[in-house]
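Structure record follows, encoded as C-alpha cells.
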Protein chains: 2
Amino acid sequence: MTLDNLLKTLHTAKCRMTSQRRTIIDVLLANENTLLSADHLLKLCQQKNPDINTTTVYRNLELLDALKLMYTVNIDRNTMGYKLVCHDYHHHHMICLICGKMEAIEYCPISPDLIDQATARGFSITNHNLELYGYCHTCHTDLL
Amino acid sequence: MTLDNLLKTLHTAKCRMTSQRRTIIDVLLANENTLLSADHLLKLCQQKNPDINTTTVYRNLELLDALKLMYTVNIDRNTMGYKLVCHDYHHHHMICLICGKMEAIEYCPISPDLIDQATARGFSITNHNLELYGYCHTCHTDLL
DNA sequence: CTATAAATGCAAATGACTGGCAATAAGGAG
DNA sequence: CTCCTTATTGCCAGTCATTTGCATTTATAG
C-alpha cells in the first residue's frame, strides 16, 4: 500500500486530512508489516503527536476498514489486530506470536477441489482464513 | 468426544461434578457440532436447569479449555464461539455463518514444504488455523 | 461423618470498543 | 482570502463479553 493510494482513496471518499489522521496513516505505513492493537497504535501515534485520542484512532480504523484498506484479525480473545492491506491479490500470512510481525505467504491452499468437496456436503463456501503462527527470527533468537 | 472421556479427564484433574457442570457438559455434548456463544450456551443450560449462572458457564468453559477439551474461535469481532474438540487427529472445519454448525474437513493444507518455506524465511511455525466459512444446506435454503 | 478444597452466585470491575453531542477545522465555492 | 458546509475531533458516558473478589455452598476423599 502506498501513501499515494491512501490519499487518493480518502480524497475520493470526501474525507478530510487532519493532522491526527495523517499521523495515524504515517504510523500504519511505517508498520505495514505488523499487526498493531488499537492501543499500541494509539501509543505510537502519541509519540509523534500528543494531541491524539483513543476515539479518533478507532474512528479512523473504522473508516479505513470501510474503505477496504485495513486487514484485521483477532490478536487474542478480546483484542483486534490492525494493519493496512498489503497487496491486491489474495494471499495469507505468517504472524509472529510475540511482536505481531506478519509476512505474506504467496500460497492459498483452497483448491477448487476442496470447494467441490464442501459443496458435495451441502456447504456453500463464501470465504476462508488461514494464518500460520510462530516466531519470527528476531523474537525466536531473543527466546534462547 | 465421549462423555466417558470427559468425566475421566475431569476426575483426573481433581474436579468435582456439580449439577451445573453436568448440565453444561450435557449441552455441549448435545451440540458438539455447533459453535455456541457463551450466552447461547447459558440459555440452553437454563432450559434444563434454571439454577445456572453466567459466571459458572464462563468458569467451566475456561476449565474445559485449560484441559484442552474445548475448541474456540471468534464468531465475530467481540464474541467467542465454543465447542468441544471432536476428534483426536488434526483437522479443520467448515463453519456456517448463520447457525454456527461446523463440519470437519479431513484435510490439512499445511505441507512440510510450506513449513520449510517459512523456515527458510526465518519463521519457526508453531501452529496454524484454517476455517472455511459459508452457509450450510439448511441455512442456505432458508436464504432463498 | 467431617474436613478441606473446589465450585458457585452475586455484584462490581475490566477492557475493548461505540455513540451522542457540542466544539473545531478542512477545504471547496465564490 | 473569506465564508460556509460538513467532516472530524474530544470528551464522556454507555455497551457488551468476559473476569474477579469474596462470602457461601457443596462434593468427595479419608
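Simple scheme: letters A, B, ... for chains in C-alpha cells order, numbers from 1 for residues in each chain, numbers from 1 for ligands in the order shown.
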
For chain C, which residues have at least one atom within 10 Å of chain A, if we go by only C-alpha atoms (C1' of nucleotides)? Write them as number ranges by chain, please.
-> C: 15-18, 25-27

Using only C-alpha atoms, I'd like every residue of chain B that has an atom within 9 Å of chain A; please write them out as a CSV table (one decimal) with all heavy atoms, in the first residue's frame.
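What landed in part.csv:
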chain,number,residue,atom,x,y,z
B,73,VAL,N,-13.2,-20.3,18.7
B,73,VAL,CA,-12.9,-19.4,17.6
B,73,VAL,C,-13.7,-18.1,17.8
B,73,VAL,O,-14.8,-18.2,18.3
B,73,VAL,CB,-13.3,-19.9,16.2
B,73,VAL,CG1,-12.4,-19.5,15.1
B,73,VAL,CG2,-13.6,-21.4,16.2
B,74,ASN,N,-13.2,-17.0,17.3
B,74,ASN,CA,-14.1,-15.8,17.3
B,74,ASN,C,-15.2,-16.0,16.3
B,74,ASN,O,-15.0,-16.3,15.2
B,74,ASN,CB,-13.3,-14.6,16.9
B,74,ASN,CG,-12.6,-14.0,18.1
B,74,ASN,OD1,-11.6,-14.4,18.5
B,74,ASN,ND2,-13.3,-13.1,18.7
B,77,ARG,N,-16.4,-9.9,15.8
B,77,ARG,CA,-15.4,-9.0,16.5
B,77,ARG,C,-15.3,-9.2,18.0
B,77,ARG,O,-14.2,-9.2,18.5
B,77,ARG,CB,-16.0,-7.6,16.2
B,77,ARG,CG,-14.9,-6.6,15.6
B,77,ARG,CD,-15.5,-5.2,15.5
B,77,ARG,NE,-14.5,-4.3,15.1
B,77,ARG,CZ,-13.9,-4.3,13.9
B,77,ARG,NH1,-14.1,-5.3,13.1
B,77,ARG,NH2,-13.0,-3.4,13.6
B,78,ASN,N,-16.4,-9.4,18.6
B,78,ASN,CA,-16.3,-9.4,20.1
B,78,ASN,C,-17.0,-10.6,20.8
B,78,ASN,O,-17.4,-10.5,21.9
B,78,ASN,CB,-16.8,-8.1,20.7
B,78,ASN,CG,-18.3,-7.8,20.4
B,78,ASN,OD1,-18.8,-8.4,19.4
B,78,ASN,ND2,-18.9,-7.0,21.1
B,79,THR,N,-17.2,-11.7,20.1
B,79,THR,CA,-17.8,-12.8,20.7
B,79,THR,C,-17.1,-14.1,20.4
B,79,THR,O,-16.8,-14.3,19.2
B,79,THR,CB,-19.3,-13.0,20.3
B,79,THR,OG1,-19.9,-11.7,20.4
B,79,THR,CG2,-20.0,-14.0,21.2
B,80,MET,N,-16.8,-14.9,21.4
B,80,MET,CA,-16.2,-16.2,21.1
B,80,MET,C,-17.2,-17.3,20.9
B,80,MET,O,-18.3,-17.2,21.4
B,80,MET,CB,-15.3,-16.6,22.3
B,80,MET,CG,-14.0,-15.8,22.5
B,80,MET,SD,-13.0,-15.9,21.0
B,80,MET,CE,-11.8,-17.1,21.6
B,94,MET,N,-15.5,-26.5,8.4
B,94,MET,CA,-16.4,-25.5,7.7
B,94,MET,C,-17.4,-25.0,8.7
B,94,MET,O,-17.9,-25.8,9.5
B,94,MET,CB,-17.2,-26.2,6.6
B,94,MET,CG,-16.3,-27.1,5.7
B,94,MET,SD,-17.2,-27.7,4.3
B,94,MET,CE,-18.0,-29.2,5.0
B,95,ILE,N,-17.6,-23.7,8.7
B,95,ILE,CA,-18.5,-23.1,9.7
B,95,ILE,C,-19.6,-22.4,9.0
B,95,ILE,O,-19.4,-21.5,8.2
B,95,ILE,CB,-17.7,-22.2,10.6
B,95,ILE,CG1,-16.5,-22.9,11.2
B,95,ILE,CG2,-18.6,-21.6,11.7
B,95,ILE,CD1,-15.6,-22.0,12.1
B,96,CYS,N,-20.8,-22.6,9.5
B,96,CYS,CA,-22.0,-21.9,8.9
B,96,CYS,C,-22.1,-20.5,9.5
B,96,CYS,O,-22.1,-20.4,10.8
B,96,CYS,CB,-23.3,-22.7,9.1
B,96,CYS,SG,-24.7,-21.7,8.5
B,105,ILE,N,-13.4,-31.1,8.1
B,105,ILE,CA,-12.8,-31.4,6.7
B,105,ILE,C,-11.5,-32.2,7.0
B,105,ILE,O,-10.6,-31.7,7.8
B,105,ILE,CB,-12.3,-30.1,6.0
B,105,ILE,CG1,-12.9,-28.8,6.5
B,105,ILE,CG2,-12.6,-30.3,4.5
B,105,ILE,CD1,-12.3,-27.6,5.9
B,107,TYR,N,-8.7,-32.7,6.0
B,107,TYR,CA,-7.7,-32.2,5.1
B,107,TYR,C,-7.0,-31.1,5.8
B,107,TYR,O,-7.5,-30.2,6.5
B,107,TYR,CB,-8.5,-31.6,3.9
B,107,TYR,CG,-7.6,-30.7,3.0
B,107,TYR,CD1,-6.6,-31.3,2.2
B,107,TYR,CD2,-7.8,-29.3,3.0
B,107,TYR,CE1,-5.8,-30.4,1.4
B,107,TYR,CE2,-7.0,-28.5,2.2
B,107,TYR,CZ,-6.0,-29.1,1.4
B,107,TYR,OH,-5.3,-28.3,0.6
B,108,CYS,N,-5.7,-31.1,5.7
B,108,CYS,CA,-4.9,-30.0,6.2
B,108,CYS,C,-3.9,-29.6,5.2
B,108,CYS,O,-3.1,-30.4,4.7
B,108,CYS,CB,-4.1,-30.4,7.5
B,108,CYS,SG,-3.1,-29.1,8.1
B,109,PRO,N,-3.9,-28.3,4.8
B,109,PRO,CA,-3.1,-27.9,3.7
B,109,PRO,C,-1.7,-27.6,4.0
B,109,PRO,O,-0.9,-27.2,3.2
B,109,PRO,CB,-3.8,-26.6,3.3
B,109,PRO,CG,-4.3,-26.1,4.6
B,109,PRO,CD,-4.7,-27.3,5.4
B,110,ILE,N,-1.3,-27.7,5.3
B,110,ILE,CA,0.0,-27.3,5.8
B,110,ILE,C,1.0,-28.4,5.5
B,110,ILE,O,1.2,-29.3,6.3
B,110,ILE,CB,0.0,-26.9,7.2
B,110,ILE,CG1,-1.1,-25.9,7.5
B,110,ILE,CG2,1.3,-26.3,7.6
B,110,ILE,CD1,-1.1,-24.7,6.6
B,114,LEU,N,5.5,-26.2,2.9
B,114,LEU,CA,5.1,-24.9,3.4
B,114,LEU,C,5.9,-24.5,4.6
B,114,LEU,O,6.4,-23.4,4.7
B,114,LEU,CB,3.6,-24.8,3.6
B,114,LEU,CG,3.0,-23.5,3.8
B,114,LEU,CD1,3.3,-22.6,2.6
B,114,LEU,CD2,1.5,-23.6,4.0
B,117,GLN,N,9.4,-23.6,3.6
B,117,GLN,CA,9.4,-22.2,3.1
B,117,GLN,C,9.4,-21.2,4.2
B,117,GLN,O,10.2,-20.2,4.1
B,117,GLN,CB,8.1,-21.9,2.3
B,117,GLN,CG,8.2,-22.4,0.8
B,117,GLN,CD,6.9,-21.9,0.1
B,117,GLN,OE1,6.4,-20.8,0.3
B,117,GLN,NE2,6.3,-22.9,-0.6
B,118,ALA,N,8.6,-21.4,5.2
B,118,ALA,CA,8.5,-20.5,6.3
B,118,ALA,C,9.9,-20.4,7.1
B,118,ALA,O,10.4,-19.4,7.4
B,118,ALA,CB,7.4,-20.9,7.3
B,121,ARG,N,12.5,-18.6,5.5
B,121,ARG,CA,12.3,-17.1,5.7
B,121,ARG,C,12.4,-16.7,7.1
B,121,ARG,O,12.1,-15.6,7.5
B,121,ARG,CB,11.0,-16.7,5.1
B,121,ARG,CG,11.0,-16.9,3.5
B,121,ARG,CD,9.6,-16.7,2.9
B,121,ARG,NE,9.2,-15.3,3.1
B,121,ARG,CZ,7.9,-15.0,2.9
B,121,ARG,NH1,7.0,-15.8,2.4
B,121,ARG,NH2,7.5,-13.7,3.1
B,122,GLY,N,12.9,-17.5,8.0
B,122,GLY,CA,13.3,-17.2,9.4
B,122,GLY,C,12.1,-17.3,10.3
B,122,GLY,O,12.2,-16.9,11.5
B,123,PHE,N,11.0,-17.9,9.9
B,123,PHE,CA,9.9,-18.0,10.8
B,123,PHE,C,9.8,-19.5,11.3
B,123,PHE,O,9.9,-20.4,10.5
B,123,PHE,CB,8.6,-17.8,10.1
B,123,PHE,CG,7.9,-16.5,10.5
B,123,PHE,CD1,8.3,-15.3,9.9
B,123,PHE,CD2,6.8,-16.5,11.4
B,123,PHE,CE1,7.6,-14.1,10.3
B,123,PHE,CE2,6.2,-15.4,11.8
B,123,PHE,CZ,6.6,-14.2,11.2
B,124,SER,N,9.8,-19.7,12.6
B,124,SER,CA,9.5,-21.0,13.1
B,124,SER,C,8.0,-21.1,13.5
B,124,SER,O,7.6,-20.5,14.4
B,124,SER,CB,10.4,-21.4,14.2
B,124,SER,OG,10.1,-20.7,15.4
B,125,ILE,N,7.3,-22.0,12.7
B,125,ILE,CA,5.9,-22.1,12.8
B,125,ILE,C,5.5,-23.0,14.0
B,125,ILE,O,6.1,-24.1,14.0
B,125,ILE,CB,5.3,-22.6,11.5
B,125,ILE,CG1,5.7,-21.7,10.3
B,125,ILE,CG2,3.8,-22.8,11.6
B,125,ILE,CD1,5.1,-20.3,10.5
B,126,THR,N,4.6,-22.6,14.8
B,126,THR,CA,4.2,-23.5,15.9
B,126,THR,C,2.8,-24.0,15.7
B,126,THR,O,2.5,-25.1,16.2
B,126,THR,CB,4.3,-22.8,17.3
B,126,THR,OG1,3.4,-21.6,17.2
B,126,THR,CG2,5.7,-22.3,17.6
B,127,ASN,N,2.0,-23.2,15.1
B,127,ASN,CA,0.6,-23.7,14.8
B,127,ASN,C,-0.1,-22.9,13.8
B,127,ASN,O,0.5,-21.9,13.2
B,127,ASN,CB,-0.2,-23.6,16.1
B,127,ASN,CG,-0.3,-22.2,16.7
B,127,ASN,OD1,0.7,-21.6,17.0
B,127,ASN,ND2,-1.5,-21.7,16.9
B,128,HIS,N,-1.3,-23.2,13.4
B,128,HIS,CA,-1.9,-22.5,12.3
B,128,HIS,C,-3.4,-22.7,12.5
B,128,HIS,O,-3.9,-23.5,13.3
B,128,HIS,CB,-1.5,-23.1,11.0
B,128,HIS,CG,-1.9,-24.5,10.8
B,128,HIS,ND1,-1.0,-25.6,11.2
B,128,HIS,CD2,-3.0,-25.1,10.3
B,128,HIS,CE1,-1.6,-26.7,10.9
B,128,HIS,NE2,-2.8,-26.5,10.3
B,129,ASN,N,-4.2,-21.9,11.8
B,129,ASN,CA,-5.6,-22.2,11.7
B,129,ASN,C,-6.1,-22.0,10.3
B,129,ASN,O,-5.5,-21.4,9.5
B,129,ASN,CB,-6.3,-21.2,12.7
B,129,ASN,CG,-6.2,-19.8,12.3
B,129,ASN,OD1,-6.0,-19.5,11.1
B,129,ASN,ND2,-6.3,-18.9,13.2
B,130,LEU,N,-7.2,-22.7,10.1
B,130,LEU,CA,-7.8,-22.7,8.8
B,130,LEU,C,-9.3,-22.9,9.0
B,130,LEU,O,-9.7,-23.9,9.6
B,130,LEU,CB,-7.3,-23.7,7.8
B,130,LEU,CG,-8.1,-23.9,6.5
B,130,LEU,CD1,-8.0,-22.7,5.6
B,130,LEU,CD2,-7.6,-25.2,5.8
B,131,GLU,N,-10.1,-22.0,8.6
B,131,GLU,CA,-11.5,-22.2,8.6
B,131,GLU,C,-12.2,-21.8,7.3
B,131,GLU,O,-11.8,-20.8,6.8
B,131,GLU,CB,-12.2,-21.4,9.8
B,131,GLU,CG,-12.0,-22.0,11.2
B,131,GLU,CD,-10.8,-21.4,11.9
B,131,GLU,OE1,-10.5,-20.2,11.6
B,131,GLU,OE2,-10.2,-22.0,12.7
B,132,LEU,N,-13.1,-22.6,6.9
B,132,LEU,CA,-13.9,-22.2,5.7
B,132,LEU,C,-15.2,-21.7,6.2
B,132,LEU,O,-15.9,-22.3,7.1
B,132,LEU,CB,-14.2,-23.4,4.8
B,132,LEU,CG,-13.0,-24.2,4.3
B,132,LEU,CD1,-13.4,-25.2,3.2
B,132,LEU,CD2,-11.9,-23.3,3.6
B,133,TYR,N,-15.7,-20.6,5.7
B,133,TYR,CA,-16.9,-20.0,6.1
B,133,TYR,C,-17.9,-20.0,5.0
B,133,TYR,O,-17.5,-19.9,3.8
B,133,TYR,CB,-16.8,-18.6,6.6
B,133,TYR,CG,-16.0,-18.5,7.9
B,133,TYR,CD1,-14.6,-18.3,7.9
B,133,TYR,CD2,-16.6,-18.7,9.1
B,133,TYR,CE1,-13.9,-18.2,9.1
B,133,TYR,CE2,-15.9,-18.6,10.3
B,133,TYR,CZ,-14.6,-18.4,10.3
B,133,TYR,OH,-13.8,-18.3,11.4
B,134,GLY,N,-19.2,-20.2,5.3
B,134,GLY,CA,-20.2,-20.3,4.3
B,134,GLY,C,-21.6,-20.6,4.9
B,134,GLY,O,-21.8,-20.2,6.0
B,135,TYR,N,-22.4,-21.2,4.1
B,135,TYR,CA,-23.8,-21.5,4.6
B,135,TYR,C,-24.0,-23.0,4.5
B,135,TYR,O,-23.7,-23.6,3.4
B,135,TYR,CB,-24.8,-20.7,3.8
B,135,TYR,CG,-24.6,-19.2,3.8
B,135,TYR,CD1,-24.1,-18.5,2.7
B,135,TYR,CD2,-24.7,-18.5,5.0
B,135,TYR,CE1,-23.8,-17.2,2.7
B,135,TYR,CE2,-24.5,-17.1,5.0
B,135,TYR,CZ,-24.0,-16.5,3.9
B,135,TYR,OH,-23.8,-15.1,4.0
B,136,CYS,N,-24.5,-23.5,5.5
B,136,CYS,CA,-24.8,-24.9,5.5
B,136,CYS,C,-26.1,-25.1,4.7
B,136,CYS,O,-26.8,-24.1,4.4
B,136,CYS,CB,-25.0,-25.5,6.9
B,136,CYS,SG,-26.6,-25.0,7.7
B,137,HIS,N,-26.4,-26.4,4.4
B,137,HIS,CA,-27.5,-26.6,3.5
B,137,HIS,C,-28.8,-26.0,4.0
B,137,HIS,O,-29.5,-25.3,3.2
B,137,HIS,CB,-27.7,-28.1,3.3
B,137,HIS,CG,-28.8,-28.5,2.3
B,137,HIS,ND1,-28.7,-28.2,1.0
B,137,HIS,CD2,-30.0,-29.0,2.4
B,137,HIS,CE1,-29.7,-28.5,0.3
B,137,HIS,NE2,-30.6,-29.1,1.2
B,138,THR,N,-29.1,-26.2,5.2
B,138,THR,CA,-30.4,-25.7,5.8
B,138,THR,C,-30.5,-24.2,5.7
B,138,THR,O,-31.5,-23.6,5.3
B,138,THR,CB,-30.5,-26.1,7.3
B,138,THR,OG1,-30.1,-27.5,7.4
B,138,THR,CG2,-31.9,-25.9,7.8
B,140,HIS,N,-28.8,-22.2,3.9
B,140,HIS,CA,-28.7,-21.7,2.5
B,140,HIS,C,-30.1,-21.7,1.9
B,140,HIS,O,-30.5,-20.8,1.2
B,140,HIS,CB,-27.7,-22.5,1.7
B,140,HIS,CG,-27.4,-22.0,0.4
B,140,HIS,ND1,-27.7,-22.5,-0.8
B,140,HIS,CD2,-26.7,-20.8,0.1
B,140,HIS,CE1,-27.3,-21.7,-1.8
B,140,HIS,NE2,-26.6,-20.7,-1.3

Write out as a tab-separated table a residue-level contact list of chain D versus chain B with cut-off 12 Å: for each qualifying residue the closest pair of atoms and the distance in Å to one decimal, counting only C-alpha atoms (C1' of nucleotides), rows sorted by chain and residue number upward.
residue	atom	partner	partner_atom	distance
D:DT15	C1'	B:Asn78	CA	11.5
D:DC16	C1'	B:Asn78	CA	8.3
D:DA17	C1'	B:Thr79	CA	6.5
D:DT18	C1'	B:Tyr58	CA	7.8
D:DT19	C1'	B:Thr55	CA	8.6
D:DT20	C1'	B:Thr55	CA	10.3
D:DT25	C1'	B:Thr18	CA	11.4
D:DT26	C1'	B:Thr18	CA	8.3
D:DA27	C1'	B:Arg16	CA	6.0
D:DT28	C1'	B:Arg16	CA	7.7
D:DA29	C1'	B:Lys14	CA	10.7

Okay, now the selection with N, CA and C atoms (P, O5', C5', C4', C3', O3' and C1' of nucleotides), as an mmCIF file, in the first residue's frame?
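The new file part-v9.cif reads:
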data_model
loop_
_atom_site.group_PDB
_atom_site.id
_atom_site.type_symbol
_atom_site.label_atom_id
_atom_site.label_comp_id
_atom_site.auth_asym_id
_atom_site.auth_seq_id
_atom_site.Cartn_x
_atom_site.Cartn_y
_atom_site.Cartn_z
ATOM 1 P P DT D 15 -26.473 1.690 27.765
ATOM 2 O "O5'" DT D 15 -25.908 0.594 26.747
ATOM 3 C "C5'" DT D 15 -24.552 0.685 26.406
ATOM 4 C "C4'" DT D 15 -24.217 -0.301 25.333
ATOM 5 C "C3'" DT D 15 -24.539 -1.746 25.710
ATOM 6 O "O3'" DT D 15 -24.714 -2.510 24.521
ATOM 7 C "C1'" DT D 15 -22.192 -1.378 25.777
ATOM 8 P P DC D 16 -25.670 -3.802 24.558
ATOM 9 O "O5'" DC D 16 -24.685 -4.943 24.095
ATOM 10 C "C5'" DC D 16 -23.407 -4.608 23.527
ATOM 11 C "C4'" DC D 16 -22.391 -5.648 23.931
ATOM 12 C "C3'" DC D 16 -22.958 -6.820 24.750
ATOM 13 O "O3'" DC D 16 -22.362 -7.992 24.256
ATOM 14 C "C1'" DC D 16 -21.147 -5.878 25.902
ATOM 15 P P DA D 17 -22.880 -9.458 24.614
ATOM 16 O "O5'" DA D 17 -21.473 -10.148 24.898
ATOM 17 C "C5'" DA D 17 -20.537 -10.270 23.838
ATOM 18 C "C4'" DA D 17 -19.185 -10.521 24.433
ATOM 19 C "C3'" DA D 17 -19.063 -11.836 25.197
ATOM 20 O "O3'" DA D 17 -17.846 -12.453 24.832
ATOM 21 C "C1'" DA D 17 -18.470 -10.019 26.604
ATOM 22 P P DT D 18 -17.507 -13.907 25.342
ATOM 23 O "O5'" DT D 18 -16.680 -13.582 26.669
ATOM 24 C "C5'" DT D 18 -15.489 -12.809 26.555
ATOM 25 C "C4'" DT D 18 -15.017 -12.383 27.922
ATOM 26 C "C3'" DT D 18 -14.786 -13.526 28.913
ATOM 27 O "O3'" DT D 18 -13.400 -13.571 29.202
ATOM 28 C "C1'" DT D 18 -15.769 -11.632 29.940
ATOM 29 P P DT D 19 -12.775 -14.546 30.227
ATOM 30 O "O5'" DT D 19 -12.627 -13.637 31.526
ATOM 31 C "C5'" DT D 19 -11.949 -12.402 31.425
ATOM 32 C "C4'" DT D 19 -11.788 -11.804 32.813
ATOM 33 C "C3'" DT D 19 -11.317 -12.787 33.893
ATOM 34 O "O3'" DT D 19 -10.295 -12.114 34.595
ATOM 35 C "C1'" DT D 19 -13.276 -11.694 34.605
ATOM 36 P P DT D 20 -9.379 -12.820 35.683
ATOM 37 O "O5'" DT D 20 -9.501 -11.889 36.973
ATOM 38 C "C5'" DT D 20 -10.360 -10.759 36.929
ATOM 39 C "C4'" DT D 20 -10.687 -10.319 38.351
ATOM 40 C "C3'" DT D 20 -10.172 -11.217 39.482
ATOM 41 O "O3'" DT D 20 -9.841 -10.382 40.579
ATOM 42 C "C1'" DT D 20 -12.512 -11.130 39.562
ATOM 43 P P DT D 25 -24.866 -20.441 52.570
ATOM 44 O "O5'" DT D 25 -24.474 -21.574 51.516
ATOM 45 C "C5'" DT D 25 -24.864 -21.415 50.150
ATOM 46 C "C4'" DT D 25 -24.226 -22.515 49.342
ATOM 47 C "C3'" DT D 25 -24.598 -23.927 49.813
ATOM 48 O "O3'" DT D 25 -25.099 -24.600 48.662
ATOM 49 C "C1'" DT D 25 -22.273 -23.739 49.478
ATOM 50 P P DT D 26 -25.760 -26.018 48.771
ATOM 51 O "O5'" DT D 26 -24.561 -26.953 48.287
ATOM 52 C "C5'" DT D 26 -23.910 -26.666 47.042
ATOM 53 C "C4'" DT D 26 -22.809 -27.679 46.840
ATOM 54 C "C3'" DT D 26 -23.173 -29.084 47.312
ATOM 55 O "O3'" DT D 26 -22.656 -29.964 46.339
ATOM 56 C "C1'" DT D 26 -21.167 -28.433 48.286
ATOM 57 P P DA D 27 -23.261 -31.380 46.078
ATOM 58 O "O5'" DA D 27 -21.954 -32.108 45.552
ATOM 59 C "C5'" DA D 27 -21.178 -31.479 44.539
ATOM 60 C "C4'" DA D 27 -19.772 -32.025 44.553
ATOM 61 C "C3'" DA D 27 -19.673 -33.544 44.603
ATOM 62 O "O3'" DA D 27 -18.586 -33.895 43.755
ATOM 63 C "C1'" DA D 27 -18.621 -32.608 46.520
ATOM 64 P P DT D 28 -18.347 -35.375 43.320
ATOM 65 O "O5'" DT D 28 -17.299 -35.894 44.401
ATOM 66 C "C5'" DT D 28 -15.941 -35.477 44.325
ATOM 67 C "C4'" DT D 28 -15.196 -35.900 45.570
ATOM 68 C "C3'" DT D 28 -15.353 -37.388 45.919
ATOM 69 O "O3'" DT D 28 -14.097 -37.836 46.384
ATOM 70 C "C1'" DT D 28 -15.778 -36.108 47.779
ATOM 71 P P DA D 29 -13.306 -38.933 45.563
ATOM 72 O "O5'" DA D 29 -11.942 -39.035 46.397
ATOM 73 C "C5'" DA D 29 -11.133 -37.865 46.552
ATOM 74 C "C4'" DA D 29 -10.469 -37.860 47.923
ATOM 75 C "C3'" DA D 29 -9.973 -39.221 48.395
ATOM 76 O "O3'" DA D 29 -8.750 -39.020 49.107
ATOM 77 C "C1'" DA D 29 -11.582 -38.393 49.935
#

Find the spatial neighbours of A:Lys43, counting only C-alpha atoms (C1' of nucleotides), within a cut-off of 12 Å - ignore same-chain residues fewer than 2 positions away - and output them as a PyMOL selection string.
-> chain A and resi 23-24+27+36-41+45-54+57

Please produce an output containing N, CA and C atoms for each residue in the selection, written as a compact mmCIF listing (two decimals), in the first residue's frame.
# COMPACT_ATOMS: atom_id res chain seq x y z
N THR A 23 -1.17 11.50 11.08
CA THR A 23 -0.28 10.76 11.99
C THR A 23 -0.63 9.28 11.99
N ILE A 24 -1.90 8.97 12.08
CA ILE A 24 -2.34 7.58 12.12
C ILE A 24 -1.90 6.86 10.84
N VAL A 27 1.88 6.25 10.85
CA VAL A 27 2.28 5.15 11.72
C VAL A 27 1.88 3.81 11.12
N LEU A 36 -0.98 -4.33 14.69
CA LEU A 36 -0.98 -3.47 15.86
C LEU A 36 -2.34 -3.52 16.53
N SER A 37 -2.34 -3.55 17.85
CA SER A 37 -3.62 -3.37 18.54
C SER A 37 -3.95 -1.88 18.51
N ALA A 38 -5.22 -1.56 18.71
CA ALA A 38 -5.63 -0.16 18.69
C ALA A 38 -4.83 0.63 19.73
N ASP A 39 -4.60 0.02 20.85
CA ASP A 39 -3.89 0.67 21.94
C ASP A 39 -2.43 0.94 21.58
N HIS A 40 -1.81 -0.06 20.98
CA HIS A 40 -0.42 0.09 20.56
C HIS A 40 -0.31 1.19 19.51
N LEU A 41 -1.23 1.17 18.58
CA LEU A 41 -1.25 2.20 17.55
C LEU A 41 -1.39 3.58 18.17
N CYS A 45 1.20 6.70 17.88
CA CYS A 45 0.76 7.98 17.33
C CYS A 45 1.07 9.12 18.30
N GLN A 46 0.86 8.85 19.59
CA GLN A 46 1.05 9.90 20.58
C GLN A 46 2.52 10.32 20.69
N GLN A 47 3.43 9.40 20.31
CA GLN A 47 4.84 9.79 20.31
C GLN A 47 5.11 10.87 19.27
N LYS A 48 4.35 10.83 18.17
CA LYS A 48 4.53 11.82 17.11
C LYS A 48 3.69 13.05 17.33
N ASN A 49 2.59 12.84 18.02
CA ASN A 49 1.58 13.89 18.11
C ASN A 49 0.71 13.62 19.34
N PRO A 50 1.04 14.30 20.45
CA PRO A 50 0.35 14.00 21.70
C PRO A 50 -1.15 14.28 21.64
N ASP A 51 -1.53 15.18 20.72
CA ASP A 51 -2.95 15.53 20.60
C ASP A 51 -3.72 14.48 19.84
N ILE A 52 -3.76 13.29 20.35
CA ILE A 52 -4.49 12.28 19.62
C ILE A 52 -5.18 11.38 20.62
N ASN A 53 -6.35 11.01 20.24
CA ASN A 53 -7.30 10.47 21.19
C ASN A 53 -7.72 9.06 20.80
N THR A 54 -8.03 8.25 21.80
CA THR A 54 -8.45 6.87 21.56
C THR A 54 -9.60 6.80 20.55
N VAL A 57 -8.55 7.30 17.01
CA VAL A 57 -7.88 6.13 16.44
C VAL A 57 -8.91 5.11 15.99

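Among C:DA6, C:DA29, C:DA13, C:DA23, the residue with the shortest atom-to-atom distance to D:DT8, counting only C-alpha atoms (C1' of nucleotides), is C:DA23.
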
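Atom pair atom CA of A:Val85 / atom CA of B:His92: separated by 25.6 Å.
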
Among the residues of chain A, find those DSSP assigns to strand (DSSP E) from the backbone and print them as a ChimeraX atom specification.
-> /A:36-37,70-76,79-84,92-96,102-105,124-135

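Proximity ranking of A:Leu3, A:Cys86, A:Ser19, A:Leu29 relative to D:DT9 places A:Ser19 first, based on only C-alpha atoms (C1' of nucleotides).
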
Please identify all polymer residues within 12 Å of C:DG20, counting only C-alpha atoms (C1' of nucleotides), omitting same-chain residues fewer than 4 positions from it, and present them as a PyMOL selection string.
-> chain D and resi 11-14

Preceding selection exported with C-alpha atoms (C1' of nucleotides) as a short mmCIF file (atom, residue, chain, number, x, y, z; two decimals), in the first residue's frame:
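The new file selection-v3.cif reads:
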data_model
loop_
_atom_site.label_atom_id
_atom_site.label_comp_id
_atom_site.auth_asym_id
_atom_site.auth_seq_id
_atom_site.Cartn_x
_atom_site.Cartn_y
_atom_site.Cartn_z
"C1'" DC D 11 -14.88 14.19 25.92
"C1'" DC D 12 -17.76 11.36 28.42
"C1'" DA D 13 -20.94 8.09 29.23
"C1'" DG D 14 -22.63 3.65 27.62
#
